[in-house]
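Participant: The structure follows.
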Amino acid sequence: MNRFSSALSRATARVTDSALGPHQTAVIRIGFSLTWLLFLLREFPHRQELYGPDGPWSWDLADQLVATNGAFTPLLWSDGQVWFEAVYALAVLWSLLLLLGWRTRTMSVLFMVGVLALQNRSVFMGDGGDNVLHLMSIYLVFTRCGQVWSLDARRARRAAGARARGERPRDRVGPVLWGVLGLLLLLATLAGRTDGDRFIPLLLWTVWLAQALWWLVGRGARTGQPRILLDVVTNIVHNGALLVIMAEACLIYATAGWYKVQGSRWQDGTAVHYPLHLEYFSPWPALADLLSASGTMVMLMTYGTVVVQVAFPFTLFNRRVKNVLLAFMIMEHAVIAVVLGLPFFSLAMIAADAVFLPTAFLRRLGSLAARACGRLRPRGTWIPRPRPPADRPAGGDPVEAAPAPGGVPGPRT
């Protein structure tokens, strides 16, 4: 009994004292924002046909569908061309800023708004990767995804250094951004634009009010009990969202694998042969012919796909086996991106798989990237040396970054 109580106490302390998986959540942030950014840039010449007011799925049809399912999409607030172009351009901008990790609390929310605005406008466009991106964009709002590899993290280090020197860092951009977005949200609510869907508007108001609460607590007590309580709530929400992301990835593979087991073509080992010879999924016909020339190769790929997908959730209990299967799955998605011409679906799945990558591997990867950037930096460039952060970050404005920015209610935007 004592051992159980001790283990439970350690687990509770770990969940409440820190936001787990900072590198994994950073990779998820980078992966999904990069996937959506590349998709929007790739489809920019075709944006009118995909999501524009003159597309095959017309504005009236989309409005009728949204009226029945209650989906959230600001694109249906107006059928004008200027509004569509503005929303599309903002979706590109928000994806880029989230990729860089600038004001990640606000950008994660706006990134979700951009994803939902376009995807709910034309629900029949895209592939399975859209569903993953749709869900993960919502989950990202609850995570502290800017703790590392972000502009927020760099700003937090500078603020900590300033506090160590006895200075009080001021953030003028954050409060202005917070106030403007709050005003826009209020106007949209009063105009009845958010009446169709209940969850997303409630989430937007919750995040906005949580930022206000963090600002008030930070101004009144920087290290007191209210600040500690908000830190605990933030960590719990982050860790819960991280657990949901992991469960979602396992559910995707488990359902895909078990449905494949029931298919006759997967049972006889020929299922992979057919998509390789569909014109829609054959950007490289010669490569597809080469892979399907051997019946043994087709059988191995078919059975291997089923085995990996079904077994992956069970391998989480063994780190070494999990890492091996994770490498196979990432390689499989890379092959799908090239052979079947589904790059954005593969990027979305690889980004979801990144939540299971080992922390040591991600740190080494970050070190290699930093060294590569250092070699590319021109000679003579001055690089400020970061000062060690203080024991506990001070409070500040509602959108001010802290050494561990993110979370709900988090100190970052």
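The chains in the structure tokens are called A, B, ... from first to last as shown; in each chain the residues are counted from 1, and the ligands are counted from 1 in the order shown.
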List the neighbours of range 68-83 of chain A out to 7 Å using only C-alpha atoms; skip same-chain residues closer than 4 positions along the sequence, and give me the result as number ranges by chain.
Facilitator: A: 53, 59, 63-64, 87, 116-118, 120-121, 193, 196-197, 200
Participant: Could you write out the selected residues, including all heavy atoms, as a tab-separated table (two decimals), in the first residue's frame?
Facilitator:
```tsv
chain	number	residue	atom	x	y	z
A	53	PRO	N	-15.81	31.23	-53.41
A	53	PRO	CA	-17.27	31.35	-53.60
A	53	PRO	C	-17.76	30.81	-54.93
A	53	PRO	O	-18.96	30.53	-55.06
A	53	PRO	CB	-17.50	32.86	-53.49
A	53	PRO	CG	-16.18	33.49	-53.75
A	53	PRO	CD	-15.15	32.53	-53.29
A	59	TRP	N	-21.24	28.37	-52.26
A	59	TRP	CA	-21.44	29.01	-50.96
A	59	TRP	C	-22.79	28.63	-50.37
A	59	TRP	O	-22.92	28.39	-49.16
A	59	TRP	CB	-21.32	30.52	-51.11
A	59	TRP	CG	-21.26	31.27	-49.82
A	59	TRP	CD1	-20.16	31.63	-49.12
A	59	TRP	CD2	-22.39	31.75	-49.06
A	59	TRP	NE1	-20.50	32.30	-47.97
A	59	TRP	CE2	-21.87	32.40	-47.90
A	59	TRP	CE3	-23.77	31.71	-49.23
A	59	TRP	CZ2	-22.68	32.99	-46.96
A	59	TRP	CZ3	-24.58	32.29	-48.27
A	59	TRP	CH2	-24.04	32.92	-47.15
A	63	ASP	N	-23.45	26.68	-46.92
A	63	ASP	CA	-24.26	27.31	-45.89
A	63	ASP	C	-25.37	26.39	-45.42
A	63	ASP	O	-25.67	26.32	-44.21
A	63	ASP	CB	-24.84	28.62	-46.44
A	63	ASP	CG	-25.57	29.41	-45.38
A	63	ASP	OD1	-24.97	29.70	-44.33
A	63	ASP	OD2	-26.76	29.73	-45.58
A	64	GLN	N	-25.99	25.65	-46.34
A	64	GLN	CA	-27.03	24.70	-45.96
A	64	GLN	C	-26.47	23.56	-45.10
A	64	GLN	O	-27.09	23.14	-44.13
A	64	GLN	CB	-27.70	24.13	-47.21
A	64	GLN	CG	-28.47	25.15	-48.02
A	64	GLN	CD	-29.06	24.57	-49.28
A	64	GLN	OE1	-29.34	23.37	-49.36
A	64	GLN	NE2	-29.24	25.40	-50.29
A	87	VAL	N	-9.33	35.82	-45.56
A	87	VAL	CA	-9.26	34.65	-44.68
A	87	VAL	C	-8.16	33.70	-45.14
A	87	VAL	O	-7.41	33.16	-44.31
A	87	VAL	CB	-10.63	33.94	-44.64
A	87	VAL	CG1	-10.52	32.61	-43.89
A	87	VAL	CG2	-11.67	34.82	-43.98
A	116	LEU	N	-10.22	25.33	-39.49
A	116	LEU	CA	-11.65	25.07	-39.48
A	116	LEU	C	-12.38	25.92	-40.51
A	116	LEU	O	-13.37	25.46	-41.12
A	116	LEU	CB	-12.23	25.33	-38.09
A	116	LEU	CG	-11.67	24.48	-36.95
A	116	LEU	CD1	-12.38	24.83	-35.64
A	116	LEU	CD2	-11.82	23.01	-37.24
A	117	ALA	N	-11.91	27.15	-40.73
A	117	ALA	CA	-12.57	28.03	-41.69
A	117	ALA	C	-12.56	27.43	-43.09
A	117	ALA	O	-13.58	27.43	-43.79
A	117	ALA	CB	-11.89	29.40	-41.69
A	118	LEU	N	-11.43	26.90	-43.51
A	118	LEU	CA	-11.31	26.37	-44.87
A	118	LEU	C	-11.86	24.95	-44.98
A	118	LEU	O	-12.60	24.64	-45.93
A	118	LEU	CB	-9.84	26.40	-45.30
A	118	LEU	CG	-9.24	27.81	-45.45
A	118	LEU	CD1	-7.75	27.74	-45.71
A	118	LEU	CD2	-9.93	28.57	-46.57
A	120	ASN	N	-14.10	23.33	-43.08
A	120	ASN	CA	-15.55	23.26	-42.92
A	120	ASN	C	-16.29	23.97	-44.04
A	120	ASN	O	-17.50	23.75	-44.22
A	120	ASN	CB	-15.97	23.84	-41.57
A	120	ASN	CG	-15.56	22.96	-40.41
A	120	ASN	OD1	-15.35	21.76	-40.56
A	120	ASN	ND2	-15.44	23.55	-39.22
A	121	ARG	N	-15.60	24.80	-44.77
A	121	ARG	CA	-16.22	25.44	-45.94
A	121	ARG	C	-16.44	24.44	-47.06
A	121	ARG	O	-17.49	24.46	-47.74
A	121	ARG	CB	-15.32	26.59	-46.42
A	121	ARG	CG	-15.58	27.13	-47.82
A	121	ARG	CD	-16.97	27.73	-47.95
A	121	ARG	NE	-17.17	28.28	-49.28
A	121	ARG	CZ	-17.57	27.59	-50.36
A	121	ARG	NH1	-17.81	26.29	-50.24
A	121	ARG	NH2	-17.73	28.19	-51.52
A	193	ARG	N	-22.55	35.78	-35.41
A	193	ARG	CA	-21.77	34.94	-36.33
A	193	ARG	C	-21.35	33.63	-35.70
A	193	ARG	O	-20.95	32.71	-36.43
A	193	ARG	CB	-20.52	35.70	-36.80
A	193	ARG	CG	-20.82	37.01	-37.52
A	193	ARG	CD	-21.61	36.77	-38.78
A	193	ARG	NE	-21.79	37.98	-39.57
A	193	ARG	CZ	-22.45	38.04	-40.72
A	193	ARG	NH1	-23.02	36.94	-41.18
A	193	ARG	NH2	-22.58	39.18	-41.36
A	196	GLY	N	-24.01	29.27	-34.68
A	196	GLY	CA	-24.19	27.91	-35.21
A	196	GLY	C	-23.47	26.86	-34.38
A	196	GLY	O	-24.04	25.84	-34.00
A	197	ASP	N	-22.21	27.11	-34.09
A	197	ASP	CA	-21.40	26.16	-33.33
A	197	ASP	C	-21.21	26.69	-31.91
A	197	ASP	O	-21.01	27.89	-31.71
A	197	ASP	CB	-20.04	25.96	-34.00
A	197	ASP	CG	-19.17	24.99	-33.24
A	197	ASP	OD1	-19.45	23.79	-33.30
A	197	ASP	OD2	-18.22	25.45	-32.58
A	200	ILE	N	-16.55	25.84	-30.37
A	200	ILE	CA	-15.42	26.69	-30.76
A	200	ILE	C	-15.56	28.10	-30.19
A	200	ILE	O	-14.59	28.63	-29.62
A	200	ILE	CB	-15.28	26.72	-32.30
A	200	ILE	CG1	-15.00	25.32	-32.83
A	200	ILE	CG2	-14.16	27.67	-32.71
A	200	ILE	CD1	-13.75	24.68	-32.28
```
Participant: Identify, on the basis of only C-alpha atoms, every residue whose closest approach to Ser282 in chain A does not exceed 8 Å; exclude the query and any residue fewer than 5 positions from it along the same chain; express the result as a PDB file with all heavy atoms, in the first residue's frame.
Facilitator:
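That gives us out-v5.pdb:
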```pdb
ATOM      1  N   PRO A 275      -3.940   0.186 -55.402  1.00  0.00           N
ATOM      2  CA  PRO A 275      -3.705   1.636 -55.442  1.00  0.00           C
ATOM      3  C   PRO A 275      -2.481   2.025 -56.257  1.00  0.00           C
ATOM      4  O   PRO A 275      -2.419   3.144 -56.775  1.00  0.00           O
ATOM      5  CB  PRO A 275      -3.529   2.016 -53.958  1.00  0.00           C
ATOM      6  CG  PRO A 275      -3.173   0.750 -53.277  1.00  0.00           C
ATOM      7  CD  PRO A 275      -3.877  -0.331 -54.017  1.00  0.00           C
ATOM      8  N   LEU A 276      -1.521   1.114 -56.404  1.00  0.00           N
ATOM      9  CA  LEU A 276      -0.347   1.431 -57.212  1.00  0.00           C
ATOM     10  C   LEU A 276      -0.680   1.587 -58.687  1.00  0.00           C
ATOM     11  O   LEU A 276       0.089   2.203 -59.437  1.00  0.00           O
ATOM     12  CB  LEU A 276       0.716   0.333 -57.041  1.00  0.00           C
ATOM     13  CG  LEU A 276       1.395   0.244 -55.667  1.00  0.00           C
ATOM     14  CD1 LEU A 276       2.334  -0.952 -55.613  1.00  0.00           C
ATOM     15  CD2 LEU A 276       2.157   1.527 -55.353  1.00  0.00           C
ATOM     16  N   HIS A 277      -1.820   1.050 -59.095  1.00  0.00           N
ATOM     17  CA  HIS A 277      -2.184   1.098 -60.516  1.00  0.00           C
ATOM     18  C   HIS A 277      -3.418   1.950 -60.774  1.00  0.00           C
ATOM     19  O   HIS A 277      -3.988   1.892 -61.868  1.00  0.00           O
ATOM     20  CB  HIS A 277      -2.404  -0.323 -61.043  1.00  0.00           C
ATOM     21  CG  HIS A 277      -1.143  -1.134 -61.086  1.00  0.00           C
ATOM     22  ND1 HIS A 277      -0.220  -1.038 -62.096  1.00  0.00           N
ATOM     23  CD2 HIS A 277      -0.639  -2.033 -60.206  1.00  0.00           C
ATOM     24  CE1 HIS A 277       0.789  -1.863 -61.864  1.00  0.00           C
ATOM     25  NE2 HIS A 277       0.556  -2.480 -60.714  1.00  0.00           N
ATOM     26  N   ALA A 288       5.736   2.791 -59.605  1.00  0.00           N
ATOM     27  CA  ALA A 288       4.672   1.899 -59.145  1.00  0.00           C
ATOM     28  C   ALA A 288       4.785   0.523 -59.804  1.00  0.00           C
ATOM     29  O   ALA A 288       4.583  -0.510 -59.157  1.00  0.00           O
ATOM     30  CB  ALA A 288       3.308   2.524 -59.446  1.00  0.00           C
ATOM     31  N   VAL A 339       5.250   7.617 -53.725  1.00  0.00           N
ATOM     32  CA  VAL A 339       4.707   6.650 -54.674  1.00  0.00           C
ATOM     33  C   VAL A 339       3.249   6.942 -55.001  1.00  0.00           C
ATOM     34  O   VAL A 339       2.833   6.895 -56.167  1.00  0.00           O
ATOM     35  CB  VAL A 339       4.869   5.217 -54.134  1.00  0.00           C
ATOM     36  CG1 VAL A 339       4.252   4.209 -55.103  1.00  0.00           C
ATOM     37  CG2 VAL A 339       6.346   4.900 -53.917  1.00  0.00           C
ATOM     38  N   LEU A 340       2.442   7.242 -53.992  1.00  0.00           N
ATOM     39  CA  LEU A 340       1.013   7.473 -54.213  1.00  0.00           C
ATOM     40  C   LEU A 340       0.660   8.948 -54.380  1.00  0.00           C
ATOM     41  O   LEU A 340      -0.507   9.276 -54.595  1.00  0.00           O
ATOM     42  CB  LEU A 340       0.197   6.884 -53.057  1.00  0.00           C
ATOM     43  CG  LEU A 340       0.326   5.372 -52.848  1.00  0.00           C
ATOM     44  CD1 LEU A 340      -0.592   4.921 -51.718  1.00  0.00           C
ATOM     45  CD2 LEU A 340      -0.009   4.621 -54.130  1.00  0.00           C
ATOM     46  N   GLY A 341       1.636   9.825 -54.259  1.00  0.00           N
ATOM     47  CA  GLY A 341       1.364  11.244 -54.464  1.00  0.00           C
ATOM     48  C   GLY A 341       0.484  11.858 -53.393  1.00  0.00           C
ATOM     49  O   GLY A 341      -0.380  12.685 -53.710  1.00  0.00           O
TER      50      GLY A 341
END
```
Participant: For CA of Leu190 in chain A and CA of Leu209 in chain A, quote the distance in Å rounded to one decimal.
Facilitator: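 Taking CA of Leu190 in chain A and CA of Leu209 in chain A, their separation equals 17.0 Å.
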Participant: Expressed in Å to a single decimal, how great is the separation between CA of Leu204 in chain A and CA of Gly114 in chain A?
Facilitator: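 So the answer is 13.2 Å.
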Participant: So that each row is one residue of range 278-344 of chain A with an atom at most 12 Å from range 21-36 of chain A, can you give its shortest atom pair and the distance in Å to one decimal, using only C-alpha atoms, rows by chain and rising number, as a Markdown table?
Facilitator:
```
| residue | atom | partner | partner_atom | distance |
| --- | --- | --- | --- | --- |
| A:Leu342 | CA | A:Thr35 | CA | 11.8 |
| A:Pro343 | CA | A:Thr35 | CA | 8.9 |
| A:Phe344 | CA | A:Thr35 | CA | 6.1 |
```
Participant: Go ahead and dump the residues you just picked, all heavy atoms, as a PDB file, in the first residue's frame.
Facilitator:
```
ATOM      1  N   LEU A 342       0.677  11.489 -52.132  1.00  0.00           N
ATOM      2  CA  LEU A 342      -0.101  12.039 -51.016  1.00  0.00           C
ATOM      3  C   LEU A 342       0.847  12.683 -50.000  1.00  0.00           C
ATOM      4  O   LEU A 342       0.982  12.216 -48.869  1.00  0.00           O
ATOM      5  CB  LEU A 342      -0.925  10.942 -50.348  1.00  0.00           C
ATOM      6  CG  LEU A 342      -1.997  10.277 -51.215  1.00  0.00           C
ATOM      7  CD1 LEU A 342      -2.602   9.087 -50.490  1.00  0.00           C
ATOM      8  CD2 LEU A 342      -3.081  11.282 -51.594  1.00  0.00           C
ATOM      9  N   PRO A 343       1.526  13.752 -50.373  1.00  0.00           N
ATOM     10  CA  PRO A 343       2.536  14.317 -49.467  1.00  0.00           C
ATOM     11  C   PRO A 343       1.959  14.927 -48.206  1.00  0.00           C
ATOM     12  O   PRO A 343       2.539  14.801 -47.126  1.00  0.00           O
ATOM     13  CB  PRO A 343       3.228  15.376 -50.334  1.00  0.00           C
ATOM     14  CG  PRO A 343       2.202  15.753 -51.349  1.00  0.00           C
ATOM     15  CD  PRO A 343       1.429  14.508 -51.626  1.00  0.00           C
ATOM     16  N   PHE A 344       0.814  15.591 -48.318  1.00  0.00           N
ATOM     17  CA  PHE A 344       0.273  16.276 -47.145  1.00  0.00           C
ATOM     18  C   PHE A 344      -0.357  15.293 -46.170  1.00  0.00           C
ATOM     19  O   PHE A 344      -0.295  15.502 -44.950  1.00  0.00           O
ATOM     20  CB  PHE A 344      -0.740  17.329 -47.595  1.00  0.00           C
ATOM     21  CG  PHE A 344      -0.147  18.329 -48.544  1.00  0.00           C
ATOM     22  CD1 PHE A 344      -0.549  18.374 -49.866  1.00  0.00           C
ATOM     23  CD2 PHE A 344       0.837  19.205 -48.133  1.00  0.00           C
ATOM     24  CE1 PHE A 344       0.001  19.279 -50.751  1.00  0.00           C
ATOM     25  CE2 PHE A 344       1.406  20.119 -48.997  1.00  0.00           C
ATOM     26  CZ  PHE A 344       0.991  20.150 -50.324  1.00  0.00           C
TER      27      PHE A 344
END
```
Participant: Would you work out the distance separating CA of Gly257 in chain A from CA of Ala271 in chain A, expressed in Å to one decimal?
Facilitator: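 These two atoms are separated by 12.8 Å.
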Participant: Which neighbours of Lys260 in chain A fall inside 7 Å, counting only C-alpha atoms, when residues of the same chain fewer than 4 positions from it are skipped, and could you give them as an NGL selection string?
Facilitator: :A and (256 or 266 or 306)
Participant: Using DSSP secondary structure from the backbone, list all alpha helix (DSSP H) positions within range 57-302 of chain A, as a PyMOL selection string.
Facilitator: chain A and resi 59-69+81-100+104-119+128-140+151-164+173-190+199-220+225-261+264-267+273-276+285-292+295-302
Participant: For Thr16 in chain A, which of A:His333, A:Arg371, A:Arg319, A:His238 is the closest residue, counting only C-alpha atoms?
Facilitator: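 Checking each of A:His333, A:Arg371, A:Arg319, A:His238 against Thr16 in chain A, counting only C-alpha atoms, the winner is A:His238.
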